[in-house]
file query32.cif (mmCIF, C-alpha atoms and all ligand atoms)
data_final
#
loop_
_atom_site.label_atom_id
_atom_site.label_comp_id
_atom_site.auth_asym_id
_atom_site.auth_seq_id
_atom_site.Cartn_x
_atom_site.Cartn_y
_atom_site.Cartn_z
CA MET H 22 -6.18 16.91 -16.54
CA GLY H 23 -4.77 13.84 -18.23
CA ASN H 24 -4.85 10.15 -19.01
CA ILE H 25 -3.99 7.73 -16.25
CA VAL H 26 -3.08 4.07 -16.62
CA VAL H 27 -3.61 2.15 -13.38
CA LEU H 28 -1.47 -1.00 -13.18
CA GLY H 29 -2.33 -3.77 -10.74
CA ALA H 30 -5.95 -2.69 -11.13
CA GLY H 31 -7.30 -5.99 -9.80
CA GLY H 32 -5.65 -5.63 -6.37
CA GLN H 33 -7.01 -3.94 -3.24
CA LEU H 34 -5.87 -0.40 -4.06
CA GLY H 35 -6.40 -0.87 -7.79
CA GLN H 36 -10.05 -1.74 -7.18
CA GLU H 37 -10.46 1.37 -5.02
CA PHE H 38 -9.29 3.47 -7.97
CA GLN H 39 -11.87 1.72 -10.13
CA ALA H 40 -14.56 2.43 -7.52
CA ILE H 41 -13.85 6.19 -7.30
CA ALA H 42 -12.86 6.92 -10.92
CA SER H 43 -16.28 8.27 -11.88
CA LEU H 44 -15.90 11.04 -9.24
CA TYR H 45 -12.82 12.40 -11.06
CA THR H 46 -14.13 13.41 -14.44
CA SER H 47 -11.08 15.47 -15.38
CA PHE H 48 -9.05 12.27 -15.74
CA GLU H 49 -9.45 9.47 -18.26
CA PHE H 50 -8.60 6.11 -16.73
CA VAL H 51 -7.40 2.86 -18.23
CA PHE H 52 -7.40 -0.01 -15.74
CA VAL H 53 -4.93 -2.77 -16.42
CA GLU H 54 -5.10 -6.05 -14.53
CA ARG H 55 -2.44 -8.71 -14.39
CA ALA H 56 -4.26 -10.90 -16.93
CA LYS H 57 -3.93 -8.09 -19.47
CA LEU H 58 -0.32 -7.19 -18.67
CA ASP H 59 2.21 -9.16 -16.66
CA LEU H 60 4.65 -6.50 -15.50
CA VAL H 61 7.43 -9.04 -15.17
CA ASN H 62 7.35 -9.53 -18.94
CA ALA H 63 9.63 -6.65 -19.99
CA THR H 64 8.79 -6.98 -23.70
CA ALA H 65 5.05 -6.97 -23.04
CA LEU H 66 5.48 -3.92 -20.80
CA GLU H 67 7.33 -2.01 -23.50
CA GLU H 68 4.87 -3.02 -26.22
CA PHE H 69 1.93 -1.98 -24.04
CA PHE H 70 3.20 1.57 -23.63
CA LYS H 71 4.08 1.85 -27.32
CA VAL H 72 0.37 1.70 -28.09
CA ASN H 73 -1.13 3.14 -24.90
CA ASP H 74 -0.21 6.79 -24.55
CA CYS H 75 -0.74 8.32 -21.13
CA ASP H 76 0.27 11.23 -18.94
CA TYR H 77 0.51 9.27 -15.69
CA ILE H 78 0.96 5.68 -14.54
CA ILE H 79 -0.20 4.67 -11.07
CA ASN H 80 1.54 1.44 -10.16
CA CYS H 81 -0.59 -0.53 -7.67
CA ALA H 82 0.90 -3.88 -8.72
CA ALA H 83 3.16 -5.62 -6.25
CA TYR H 84 4.10 -8.85 -4.58
CA THR H 85 2.50 -8.26 -1.15
CA ASN H 86 2.62 -11.56 0.74
CA VAL H 87 5.06 -10.61 3.49
CA ASP H 88 5.73 -14.13 4.83
CA LYS H 89 5.72 -15.93 1.49
CA ALA H 90 8.29 -13.46 0.17
CA GLU H 91 10.82 -15.18 2.45
CA ASP H 92 10.49 -18.38 0.35
CA GLU H 93 9.91 -16.57 -2.94
CA GLY H 94 12.51 -13.80 -2.72
CA PRO H 95 13.41 -13.85 -6.44
CA LYS H 96 9.74 -13.68 -7.44
CA ALA H 97 9.06 -10.75 -5.08
CA ASN H 98 12.14 -9.05 -6.49
CA LEU H 99 11.02 -9.44 -10.08
CA ILE H 100 7.74 -7.68 -9.41
CA ASN H 101 8.74 -5.17 -6.73
CA THR H 102 12.16 -4.21 -8.06
CA VAL H 103 12.95 -5.35 -11.62
CA ALA H 104 9.53 -4.54 -13.11
CA VAL H 105 9.53 -1.20 -11.28
CA ARG H 106 12.95 -0.37 -12.74
CA ASN H 107 11.67 -1.20 -16.25
CA LEU H 108 8.58 0.89 -15.66
CA ALA H 109 10.69 3.84 -14.49
CA SER H 110 12.80 3.58 -17.70
CA ILE H 111 9.69 3.67 -19.89
CA CYS H 112 8.35 6.64 -17.94
CA ALA H 113 11.71 8.44 -18.29
CA GLN H 114 11.81 7.83 -22.08
CA LYS H 115 8.28 9.11 -22.56
CA ASP H 116 8.19 11.66 -19.74
CA ILE H 117 5.24 9.98 -18.09
CA GLY H 118 4.50 10.88 -14.48
CA LEU H 119 4.98 7.76 -12.35
CA ILE H 120 3.09 7.28 -9.10
CA HIS H 121 4.40 4.29 -7.23
CA ILE H 122 3.21 2.88 -3.90
CA SER H 123 5.67 1.75 -1.26
CA THR H 124 5.46 0.64 2.33
CA ASP H 125 6.20 1.30 6.01
CA TYR H 126 7.99 -2.10 5.97
CA VAL H 127 11.08 -0.37 4.50
CA PHE H 128 11.82 0.66 8.12
CA ASN H 129 13.29 -1.58 10.82
CA GLY H 130 10.70 -0.62 13.41
CA LYS H 131 13.18 0.53 16.04
CA GLY H 132 12.05 4.16 15.77
CA GLU H 133 10.04 5.78 18.53
CA LYS H 134 8.43 8.66 16.71
CA PRO H 135 6.76 8.88 13.29
CA TYR H 136 9.23 8.30 10.45
CA LYS H 137 10.01 11.25 8.21
CA THR H 138 10.61 10.45 4.54
CA ASP H 139 14.40 10.76 4.83
CA PHE H 140 14.74 8.48 7.87
CA PRO H 141 17.25 5.68 7.11
CA THR H 142 15.61 2.51 5.81
CA GLU H 143 16.45 -1.01 6.94
CA PRO H 144 13.81 -3.53 5.87
CA LEU H 145 13.40 -6.66 8.00
CA GLY H 146 12.43 -9.08 5.22
CA ASN H 147 12.40 -9.76 1.49
CA TYR H 148 9.12 -7.92 0.90
CA GLY H 149 10.43 -4.69 2.44
CA ARG H 150 13.84 -5.10 0.80
CA SER H 151 12.33 -5.61 -2.67
CA LYS H 152 10.06 -2.59 -2.18
CA ARG H 153 12.99 -0.43 -1.04
CA LYS H 154 15.00 -1.45 -4.11
CA GLY H 155 12.02 -0.46 -6.25
CA GLU H 156 12.06 2.99 -4.63
CA GLU H 157 15.79 3.32 -5.27
CA ALA H 158 15.41 2.37 -8.94
CA ILE H 159 12.79 5.08 -9.46
CA MET H 160 14.85 7.72 -7.66
CA GLU H 161 17.83 6.83 -9.84
CA ILE H 162 16.06 6.63 -13.21
CA HIS H 163 13.12 9.04 -13.15
CA PRO H 164 13.31 11.27 -10.06
CA GLU H 165 12.00 14.46 -11.62
CA ASN H 166 8.56 13.14 -12.56
CA SER H 167 7.84 10.41 -10.00
CA LEU H 168 5.94 10.27 -6.75
CA ILE H 169 6.75 7.42 -4.40
CA ILE H 170 4.04 7.20 -1.78
CA ARG H 171 4.77 5.05 1.23
CA THR H 172 1.68 3.89 3.04
CA SER H 173 0.91 1.41 5.83
CA TRP H 174 -1.58 -1.23 6.97
CA LEU H 175 -3.91 -0.80 3.98
CA TYR H 176 -7.45 -2.12 4.14
CA SER H 177 -10.65 -1.79 2.17
CA GLU H 178 -13.69 -3.70 1.08
CA PHE H 179 -11.60 -5.18 -1.76
CA GLY H 180 -8.90 -7.84 -1.75
CA HIS H 181 -7.26 -9.39 1.31
CA ASN H 182 -6.52 -7.33 4.37
CA PHE H 183 -6.43 -7.39 8.18
CA VAL H 184 -9.90 -5.85 8.59
CA LYS H 185 -11.54 -8.51 6.46
CA THR H 186 -9.56 -11.23 8.26
CA MET H 187 -10.83 -9.92 11.62
CA LEU H 188 -14.42 -9.82 10.34
CA ARG H 189 -14.10 -13.46 9.20
CA LEU H 190 -12.52 -14.56 12.50
CA GLY H 191 -15.19 -12.62 14.41
CA GLU H 192 -17.83 -14.76 12.67
CA GLU H 193 -16.01 -18.01 13.42
CA LEU H 194 -14.52 -17.56 16.92
CA ASN H 195 -15.46 -16.31 20.38
CA SER H 196 -11.98 -15.04 21.09
CA ILE H 197 -9.01 -13.88 19.00
CA SER H 198 -5.41 -13.25 20.09
CA VAL H 199 -3.73 -10.29 18.42
CA VAL H 200 -0.26 -8.83 18.87
CA GLU H 201 -0.02 -5.73 21.02
CA ASP H 202 3.66 -4.85 20.58
CA GLN H 203 3.52 -3.75 16.94
CA VAL H 204 2.28 -0.21 16.37
CA GLY H 205 1.43 1.53 13.12
CA SER H 206 -1.23 3.51 11.27
CA PRO H 207 -4.05 1.71 9.48
CA THR H 208 -4.91 3.31 6.15
CA TYR H 209 -8.20 3.12 4.30
CA ALA H 210 -7.25 2.43 0.68
CA ARG H 211 -10.08 4.66 -0.52
CA ASP H 212 -8.60 7.65 1.35
CA LEU H 213 -5.21 6.92 -0.20
CA ALA H 214 -6.64 6.61 -3.71
CA MET H 215 -8.51 9.91 -3.36
CA ALA H 216 -5.42 11.65 -2.00
CA ILE H 217 -3.32 10.41 -4.91
CA LEU H 218 -5.79 11.88 -7.39
CA GLU H 219 -5.54 15.22 -5.55
CA MET H 220 -1.74 15.02 -5.60
CA ILE H 221 -1.23 14.15 -9.28
CA PRO H 222 -2.11 17.60 -10.74
CA GLN H 223 0.44 19.14 -8.35
CA MET H 224 3.36 17.05 -9.64
CA LYS H 225 3.91 19.60 -12.38
CA ASP H 226 4.82 22.14 -9.65
CA GLY H 227 7.86 20.03 -8.79
CA LYS H 228 6.19 18.14 -5.94
CA THR H 229 7.88 14.81 -6.60
CA GLY H 230 9.99 12.26 -4.70
CA ILE H 231 9.12 10.30 -1.58
CA TYR H 232 6.00 11.12 0.45
CA HIS H 233 4.18 9.37 3.28
CA TYR H 234 0.43 8.81 3.39
CA ALA H 235 -1.35 6.98 6.20
CA ASN H 236 -4.47 7.78 8.18
CA ASN H 237 -3.59 9.88 11.21
CA GLY H 238 -2.99 8.45 14.67
CA GLU H 239 -1.25 5.31 15.82
CA VAL H 240 -2.50 2.01 17.18
CA SER H 241 -1.36 -1.57 17.84
CA TRP H 242 -2.74 -4.43 15.74
CA TYR H 243 -4.53 -5.51 18.96
CA ALA H 244 -6.25 -2.15 19.47
CA PHE H 245 -7.06 -2.02 15.76
CA ALA H 246 -8.67 -5.48 15.96
CA LYS H 247 -10.66 -4.36 19.02
CA ALA H 248 -11.94 -1.31 17.18
CA ILE H 249 -12.98 -3.47 14.22
CA LEU H 250 -14.79 -6.06 16.33
CA LYS H 251 -16.37 -3.64 18.81
CA THR H 252 -18.80 -2.40 16.17
CA THR H 253 -19.17 -5.59 14.16
CA HIS H 254 -18.85 -8.59 16.55
CA PRO H 255 -19.13 -7.27 20.13
CA ASN H 256 -19.39 -10.81 21.51
CA CYS H 257 -16.00 -11.83 20.18
CA SER H 258 -13.29 -10.94 22.68
CA VAL H 259 -9.82 -9.80 21.62
CA GLN H 260 -6.81 -10.83 23.70
CA PRO H 261 -3.58 -8.82 23.60
CA VAL H 262 -0.50 -11.01 23.08
CA PRO H 263 3.21 -10.34 22.50
CA SER H 264 4.65 -11.02 19.02
CA SER H 265 6.35 -14.10 20.46
CA ALA H 266 2.90 -15.67 20.95
CA TYR H 267 2.00 -15.18 17.28
CA PRO H 268 5.07 -16.42 15.40
CA THR H 269 5.36 -15.38 11.76
CA LYS H 270 7.98 -16.27 9.19
CA VAL H 271 9.28 -12.73 9.06
CA LYS H 272 9.42 -10.17 11.85
CA ARG H 273 7.18 -7.13 11.45
CA PRO H 274 8.45 -3.69 12.49
CA LYS H 275 7.60 -2.93 16.12
CA TYR H 276 6.89 0.69 15.27
CA SER H 277 6.10 1.81 11.74
CA VAL H 278 4.12 5.04 12.05
CA LEU H 279 4.74 7.32 9.07
CA ASP H 280 5.09 11.07 9.51
CA THR H 281 2.69 12.55 6.97
CA THR H 282 3.34 16.24 7.71
CA LYS H 283 5.25 16.86 4.46
CA THR H 284 2.40 15.39 2.40
CA GLU H 285 -0.24 17.47 4.18
CA THR H 286 1.82 20.66 3.92
CA ASP H 287 3.18 20.37 0.36
CA PHE H 288 -0.05 19.11 -1.20
CA LYS H 289 -2.43 21.00 1.10
CA ILE H 290 -4.45 17.92 1.91
CA THR H 291 -6.07 16.93 5.17
CA ILE H 292 -5.73 13.36 6.35
CA ARG H 293 -8.38 12.04 8.68
CA LEU H 294 -7.94 9.90 11.80
CA TRP H 295 -7.69 6.13 11.34
CA ASP H 296 -10.73 5.36 13.51
CA VAL H 297 -12.96 7.78 11.59
CA ALA H 298 -11.91 6.22 8.28
CA LEU H 299 -12.43 2.74 9.74
CA GLN H 300 -16.08 3.42 10.59
CA GLU H 301 -16.79 4.50 7.02
CA ALA H 302 -14.98 1.48 5.61
CA LEU H 303 -16.83 -0.91 7.93
CA SER H 304 -20.19 0.42 6.89
CA ARG H 305 -19.19 0.00 3.24
CA ILE H 306 -17.84 -3.50 3.81
CA GLN H 307 -20.97 -4.54 5.68
CA SER H 308 -23.49 -3.13 3.26
N1 LIG T 401 -1.64 -4.19 1.57
C1 LIG T 401 -1.01 -3.40 2.45
O1 LIG T 401 -1.23 -3.48 3.66
C2 LIG T 401 0.00 -2.41 1.97
C3 LIG T 401 0.33 -2.31 0.64
N2 LIG T 401 1.30 -1.40 0.25
C4 LIG T 401 1.63 -1.27 -1.16
O2 LIG T 401 0.47 -0.75 -1.81
C5 LIG T 401 0.38 -1.27 -3.13
C6 LIG T 401 -1.00 -1.86 -3.35
O3 LIG T 401 -1.18 -2.92 -2.42
P1 LIG T 401 -2.50 -3.80 -2.41
O4 LIG T 401 -3.49 -3.27 -3.35
O5 LIG T 401 -2.86 -4.01 -0.99
O6 LIG T 401 -1.92 -5.17 -2.98
P2 LIG T 401 -2.69 -6.41 -3.61
O7 LIG T 401 -1.85 -7.60 -3.33
O8 LIG T 401 -4.11 -6.40 -3.21
O9 LIG T 401 -2.65 -6.07 -5.16
C7 LIG T 401 -1.49 -6.20 -5.92
C8 LIG T 401 -1.89 -6.47 -7.33
O10 LIG T 401 -0.69 -6.61 -8.11
C9 LIG T 401 -0.91 -7.65 -9.02
N3 LIG T 401 0.35 -8.20 -9.52
C10 LIG T 401 1.22 -8.99 -8.86
N4 LIG T 401 2.20 -9.37 -9.69
C11 LIG T 401 1.95 -8.80 -10.89
C12 LIG T 401 2.57 -8.84 -12.14
N5 LIG T 401 3.68 -9.55 -12.35
N6 LIG T 401 2.03 -8.15 -13.17
C13 LIG T 401 0.89 -7.45 -12.99
N7 LIG T 401 0.25 -7.38 -11.83
C14 LIG T 401 0.76 -8.06 -10.78
C15 LIG T 401 -1.70 -8.67 -8.22
O11 LIG T 401 -2.30 -9.60 -9.08
P3 LIG T 401 -2.64 -11.08 -8.50
O12 LIG T 401 -3.66 -10.85 -7.44
O13 LIG T 401 -3.13 -11.79 -9.70
O14 LIG T 401 -1.35 -11.60 -7.96
C16 LIG T 401 -2.69 -7.77 -7.52
O15 LIG T 401 -3.81 -7.53 -8.31
C17 LIG T 401 1.55 -2.24 -3.28
O16 LIG T 401 2.62 -1.56 -3.87
C18 LIG T 401 1.92 -2.58 -1.86
O17 LIG T 401 3.29 -2.93 -1.72
C19 LIG T 401 1.93 -0.59 1.13
C20 LIG T 401 1.63 -0.66 2.46
C21 LIG T 401 0.60 -1.52 2.99
C1 LIG T 402 -4.61 -12.66 11.58
C2 LIG T 402 -3.82 -12.26 12.81
C3 LIG T 402 -2.67 -11.50 12.68
N1 LIG T 402 -1.97 -11.16 13.79
C4 LIG T 402 -0.75 -10.33 13.65
C5 LIG T 402 0.31 -10.84 12.70
C6 LIG T 402 1.03 -9.59 12.31
O1 LIG T 402 2.01 -9.28 13.28
C7 LIG T 402 -0.06 -8.53 12.34
C8 LIG T 402 -0.58 -8.15 10.96
O2 LIG T 402 -0.95 -9.29 10.27
P1 LIG T 402 -0.99 -9.45 8.71
O3 LIG T 402 -0.17 -10.63 8.38
O4 LIG T 402 -2.40 -9.41 8.29
O5 LIG T 402 -0.33 -8.15 8.16
P2 LIG T 402 0.91 -7.95 7.20
O6 LIG T 402 0.80 -8.85 6.03
O7 LIG T 402 2.17 -7.94 7.96
O8 LIG T 402 0.55 -6.46 6.72
C9 LIG T 402 1.46 -5.73 6.00
O9 LIG T 402 1.25 -5.96 4.62
C10 LIG T 402 2.19 -5.35 3.80
C11 LIG T 402 1.83 -5.64 2.35
C12 LIG T 402 2.49 -3.95 4.12
O10 LIG T 402 3.04 -3.21 3.29
C13 LIG T 402 2.32 -3.47 5.54
O11 LIG T 402 2.05 -2.10 5.64
C14 LIG T 402 1.31 -4.27 6.33
O12 LIG T 402 0.01 -3.86 6.06
O13 LIG T 402 -1.13 -9.08 13.11
C15 LIG T 402 -2.36 -11.55 15.05
O14 LIG T 402 -1.68 -11.24 16.07
N2 LIG T 402 -3.50 -12.32 15.19
C16 LIG T 402 -4.25 -12.71 14.11
O15 LIG T 402 -5.28 -13.41 14.27
#
call {"tool": "encode", "arguments": {"input": "query32.cif", "output": "structure tokens"}}
result
Amino acid sequence: MGNIVVLGAGGQLGQEFQAIASLYTSFEFVFVERAKLDLVNATALEEFFKVNDCDYIINCAAYTNVDKAEDEGPKANLINTVAVRNLASICAQKDIGLIHISTDYVFNGKGEKPYKTDFPTEPLGNYGRSKRKGEEAIMEIHPENSLIIRTSWLYSEFGHNFVKTMLRLGEELNSISVVEDQVGSPTYARDLAMAILEMIPQMKDGKTGIYHYANNGEVSWYAFAKAILKTTHPNCSVQPVPSSAYPTKVKRPKYSVLDTTKTETDFKITIRLWDVALQEALSRIQS
């Protein structure tokens, strides 16, 4: 069904694609890590796609440190906006299908029901702003053959994520304080990667533009931490605290649940509940 180049292949989601690739024999994959191609280097990017033909690019590369992006705004911008714009131009020239991952942090968190894809964006920090500008660049340059998939609270056995942080803290501490007034949907990166590979063949039917993918259901970071530790470290207690008791450089959205109905309907995929996905991920992480 086509050749896929996965950029940012060494990150959390990129490694999930590497882990599941052998299940999808109708695709040929090329995995490209940062050491092989720095996306910020526009010349290198262009040269790479002169010699590497493909039908689709999945862009998993990003600047993802939400707090650090406040001090390194220009750097976050180069990766999340400028490189994405350059990538969209290359894809437009060569008519390559572009699958780009974006985030729930494009929203301001003041919503009270799951965000539909056309809900107005208003990011709270540099990370979210740079990701939103990346989305806008794609929609301007290569709308007819791009999929922008916003997801939220990604975790997996690979890379850095909240689940692995909780498992580490559960080993080290008897009690952890976690914010209760931020609500979202945790998403198992493996589920997302598998869904993307189901969605790609349907792009040719005009299913393009912005879509939301997150595991179903909503939960606070506190309740998520409790669910993680209940099965893995039952002796470690989790205390609910307000955001004010856990100060961070940049404010997180209070409510960032994504409405995934359009994705499920248009692509005819079923998305499972966050706590079901979590149990599978935990058993994989622990084995
Ligand atoms: N993590 C999350 O909770 C969420 C993530 N997302 C989005 O999902 C996508 C995947 O995220 P995730 O896998 O968790 O992120 P990671 O931070 O785990 O992976 C990002 C990858 O991008 C690479 N990268 C950074 N800069 C460059 C560059 N200049 N050139 C090439 N590669 C580069 C990183 O390399 P290195 O490690 O060497 O810096 C890393 O391997 C991103 O678009 C992110 O914004 C959306 C919602 C939630
Ligand atoms: C480690 C820890 C975090 N927290 C809080 C801080 C924060 O409000 C919340 C989540 O913490 P983190 O810093 O791990 O998560 P954060 O980096 O904000 O995660 C985000 O990453 C980017 C890339 C995204 O796109 C988002 O969807 C989201 O997943 O939990 C606690 O309350 N106690 C703790 O012990």
call {"tool": "residues_near_ligand", "arguments": {"input": "query32.cif", "ligand": "ligand LIG 401 (chain T)", "cutoff": "8 Å", "atoms": "all atoms listed in the file", "output": "NGL selection string"}}
result
:H and (28-36 or 54-56 or 58-62 or 80-86 or 99-101 or 104 or 121-126 or 152 or 171-176 or 179-183 or 208 or 210)
call {"tool": "write_last_selection", "arguments": {"input": "query32.cif", "atoms": "C-alpha atoms", "output": "PDB file, in the coordinates of the input"}}
result
ATOM      1  CA  LEU H  28      -1.470  -1.000 -13.180  1.00  0.00           C
ATOM      2  CA  GLY H  29      -2.330  -3.770 -10.740  1.00  0.00           C
ATOM      3  CA  ALA H  30      -5.950  -2.690 -11.130  1.00  0.00           C
ATOM      4  CA  GLY H  31      -7.300  -5.990  -9.800  1.00  0.00           C
ATOM      5  CA  GLY H  32      -5.650  -5.630  -6.370  1.00  0.00           C
ATOM      6  CA  GLN H  33      -7.010  -3.940  -3.240  1.00  0.00           C
ATOM      7  CA  LEU H  34      -5.870  -0.400  -4.060  1.00  0.00           C
ATOM      8  CA  GLY H  35      -6.400  -0.870  -7.790  1.00  0.00           C
ATOM      9  CA  GLN H  36     -10.050  -1.740  -7.180  1.00  0.00           C
ATOM     10  CA  GLU H  54      -5.100  -6.050 -14.530  1.00  0.00           C
ATOM     11  CA  ARG H  55      -2.440  -8.710 -14.390  1.00  0.00           C
ATOM     12  CA  ALA H  56      -4.260 -10.900 -16.930  1.00  0.00           C
ATOM     13  CA  LEU H  58      -0.320  -7.190 -18.670  1.00  0.00           C
ATOM     14  CA  ASP H  59       2.210  -9.160 -16.660  1.00  0.00           C
ATOM     15  CA  LEU H  60       4.650  -6.500 -15.500  1.00  0.00           C
ATOM     16  CA  VAL H  61       7.430  -9.040 -15.170  1.00  0.00           C
ATOM     17  CA  ASN H  62       7.350  -9.530 -18.940  1.00  0.00           C
ATOM     18  CA  ASN H  80       1.540   1.440 -10.160  1.00  0.00           C
ATOM     19  CA  CYS H  81      -0.590  -0.530  -7.670  1.00  0.00           C
ATOM     20  CA  ALA H  82       0.900  -3.880  -8.720  1.00  0.00           C
ATOM     21  CA  ALA H  83       3.160  -5.620  -6.250  1.00  0.00           C
ATOM     22  CA  TYR H  84       4.100  -8.850  -4.580  1.00  0.00           C
ATOM     23  CA  THR H  85       2.500  -8.260  -1.150  1.00  0.00           C
ATOM     24  CA  ASN H  86       2.620 -11.560   0.740  1.00  0.00           C
ATOM     25  CA  LEU H  99      11.020  -9.440 -10.080  1.00  0.00           C
ATOM     26  CA  ILE H 100       7.740  -7.680  -9.410  1.00  0.00           C
ATOM     27  CA  ASN H 101       8.740  -5.170  -6.730  1.00  0.00           C
ATOM     28  CA  ALA H 104       9.530  -4.540 -13.110  1.00  0.00           C
ATOM     29  CA  HIS H 121       4.400   4.290  -7.230  1.00  0.00           C
ATOM     30  CA  ILE H 122       3.210   2.880  -3.900  1.00  0.00           C
ATOM     31  CA  SER H 123       5.670   1.750  -1.260  1.00  0.00           C
ATOM     32  CA  THR H 124       5.460   0.640   2.330  1.00  0.00           C
ATOM     33  CA  ASP H 125       6.200   1.300   6.010  1.00  0.00           C
ATOM     34  CA  TYR H 126       7.990  -2.100   5.970  1.00  0.00           C
ATOM     35  CA  LYS H 152      10.060  -2.590  -2.180  1.00  0.00           C
ATOM     36  CA  ARG H 171       4.770   5.050   1.230  1.00  0.00           C
ATOM     37  CA  THR H 172       1.680   3.890   3.040  1.00  0.00           C
ATOM     38  CA  SER H 173       0.910   1.410   5.830  1.00  0.00           C
ATOM     39  CA  TRP H 174      -1.580  -1.230   6.970  1.00  0.00           C
ATOM     40  CA  LEU H 175      -3.910  -0.800   3.980  1.00  0.00           C
ATOM     41  CA  TYR H 176      -7.450  -2.120   4.140  1.00  0.00           C
ATOM     42  CA  PHE H 179     -11.600  -5.180  -1.760  1.00  0.00           C
ATOM     43  CA  GLY H 180      -8.900  -7.840  -1.750  1.00  0.00           C
ATOM     44  CA  HIS H 181      -7.260  -9.390   1.310  1.00  0.00           C
ATOM     45  CA  ASN H 182      -6.520  -7.330   4.370  1.00  0.00           C
ATOM     46  CA  PHE H 183      -6.430  -7.390   8.180  1.00  0.00           C
ATOM     47  CA  THR H 208      -4.910   3.310   6.150  1.00  0.00           C
ATOM     48  CA  ALA H 210      -7.250   2.430   0.680  1.00  0.00           C
TER      49      ALA H 210
END
call {"tool": "atom_distance", "arguments": {"input": "query32.cif", "atom1": "CA of Ser264 (chain H)", "atom2": "CA of Val204 (chain H)"}}
result
11.4 Å
call {"tool": "closest_residue", "arguments": {"input": "query32.cif", "among": "H:Ala302, H:Ala235, H:Val87, H:Leu188", "to": "ligand LIG 402 (chain T)", "atoms": "only C-alpha atoms and all ligand atoms"}}
result
H:Val87
call {"tool": "atom_distance", "arguments": {"input": "query32.cif", "atom1": "CA of Thr284 (chain H)", "atom2": "CA of Met215 (chain H)"}}
result
13.5 Å
call {"tool": "closest_residue", "arguments": {"input": "query32.cif", "among": "H:Val278, H:Ile25, H:Leu168, H:Ile290", "to": "Gln203 (chain H)", "atoms": "only C-alpha atoms"}}
result
H:Val278
call {"tool": "closest_residue", "arguments": {"input": "query32.cif", "among": "H:Trp242, H:Tyr77, H:Phe70, H:Tyr276", "to": "ligand LIG 402 (chain T)", "atoms": "all atoms listed in the file"}}
result
H:Trp242
call {"tool": "atom_distance", "arguments": {"input": "query32.cif", "atom1": "CA of Glu156 (chain H)", "atom2": "CA of Leu294 (chain H)"}}
result
26.8 Å
call {"tool": "closest_residue", "arguments": {"input": "query32.cif", "among": "H:Cys257, H:Leu119, H:Ile170, H:Ala65", "to": "Thr281 (chain H)", "atoms": "all atoms listed in the file"}}
result
H:Ile170
call {"tool": "closest_residue", "arguments": {"input": "query32.cif", "among": "H:Thr286, H:Ser198, H:Ser110, H:Ser304", "to": "Pro263 (chain H)", "atoms": "all atoms listed in the file"}}
result
H:Ser198
call {"tool": "residues_near_point", "arguments": {"input": "query32.cif", "point": "(-4.9, -10.4, 21.3)", "cutoff": "8 Å", "atoms": "all atoms listed in the file", "output": "PyMOL selection string"}}
result
chain H and resi 197-201+243+259-262
call {"tool": "write_last_selection", "arguments": {"input": "query32.cif", "atoms": "C-alpha atoms", "output": "mmCIF file, keeping the file's coordinate frame"}}
result
data_model
loop_
_atom_site.group_PDB
_atom_site.id
_atom_site.type_symbol
_atom_site.label_atom_id
_atom_site.label_comp_id
_atom_site.auth_asym_id
_atom_site.auth_seq_id
_atom_site.Cartn_x
_atom_site.Cartn_y
_atom_site.Cartn_z
ATOM 1 C CA ILE H 197 -9.010 -13.880 19.000
ATOM 2 C CA SER H 198 -5.410 -13.250 20.090
ATOM 3 C CA VAL H 199 -3.730 -10.290 18.420
ATOM 4 C CA VAL H 200 -0.260 -8.830 18.870
ATOM 5 C CA GLU H 201 -0.020 -5.730 21.020
ATOM 6 C CA TYR H 243 -4.530 -5.510 18.960
ATOM 7 C CA VAL H 259 -9.820 -9.800 21.620
ATOM 8 C CA GLN H 260 -6.810 -10.830 23.700
ATOM 9 C CA PRO H 261 -3.580 -8.820 23.600
ATOM 10 C CA VAL H 262 -0.500 -11.010 23.080
#
call {"tool": "residues_around", "arguments": {"input": "query32.cif", "residues": "Ile78 (chain H)", "least_positions_apart": "2", "cutoff": "10 Å", "atoms": "all atoms listed in the file", "output": "list in words"}}
result
Asn24, Ile25, Val26, Val27, Leu28, Phe50, Val51, Cys75, Asp76, Asn80, Cys81, Leu108, Ala109, Cys112, Ile117, Gly118, Leu119, Ile120, His121 and Ser167 of chain H
call {"tool": "closest_residue", "arguments": {"input": "query32.cif", "among": "H:Glu178, H:Lys275, H:Thr282, H:Ser308", "to": "Gly132 (chain H)", "atoms": "only C-alpha atoms"}}
result
H:Lys275
call {"tool": "axis_aligned_box", "arguments": {"input": "query32.cif", "around": "ligand LIG 402 (chain T)", "padding_each_side": "3 Å", "output": "AutoDock Vina command-line options"}}
result
--center_x -1.1 --center_y -7.8 --center_z 9.2 --size_x 14.3 --size_y 17.3 --size_z 19.7
call {"tool": "residues_around", "arguments": {"input": "query32.cif", "residues": "Gly238 (chain H)", "least_positions_apart": "2", "cutoff": "7 Å", "atoms": "all atoms listed in the file", "output": "list in words"}}
result
Ser206, Asn236, Val240, Leu294 and Trp295 of chain H
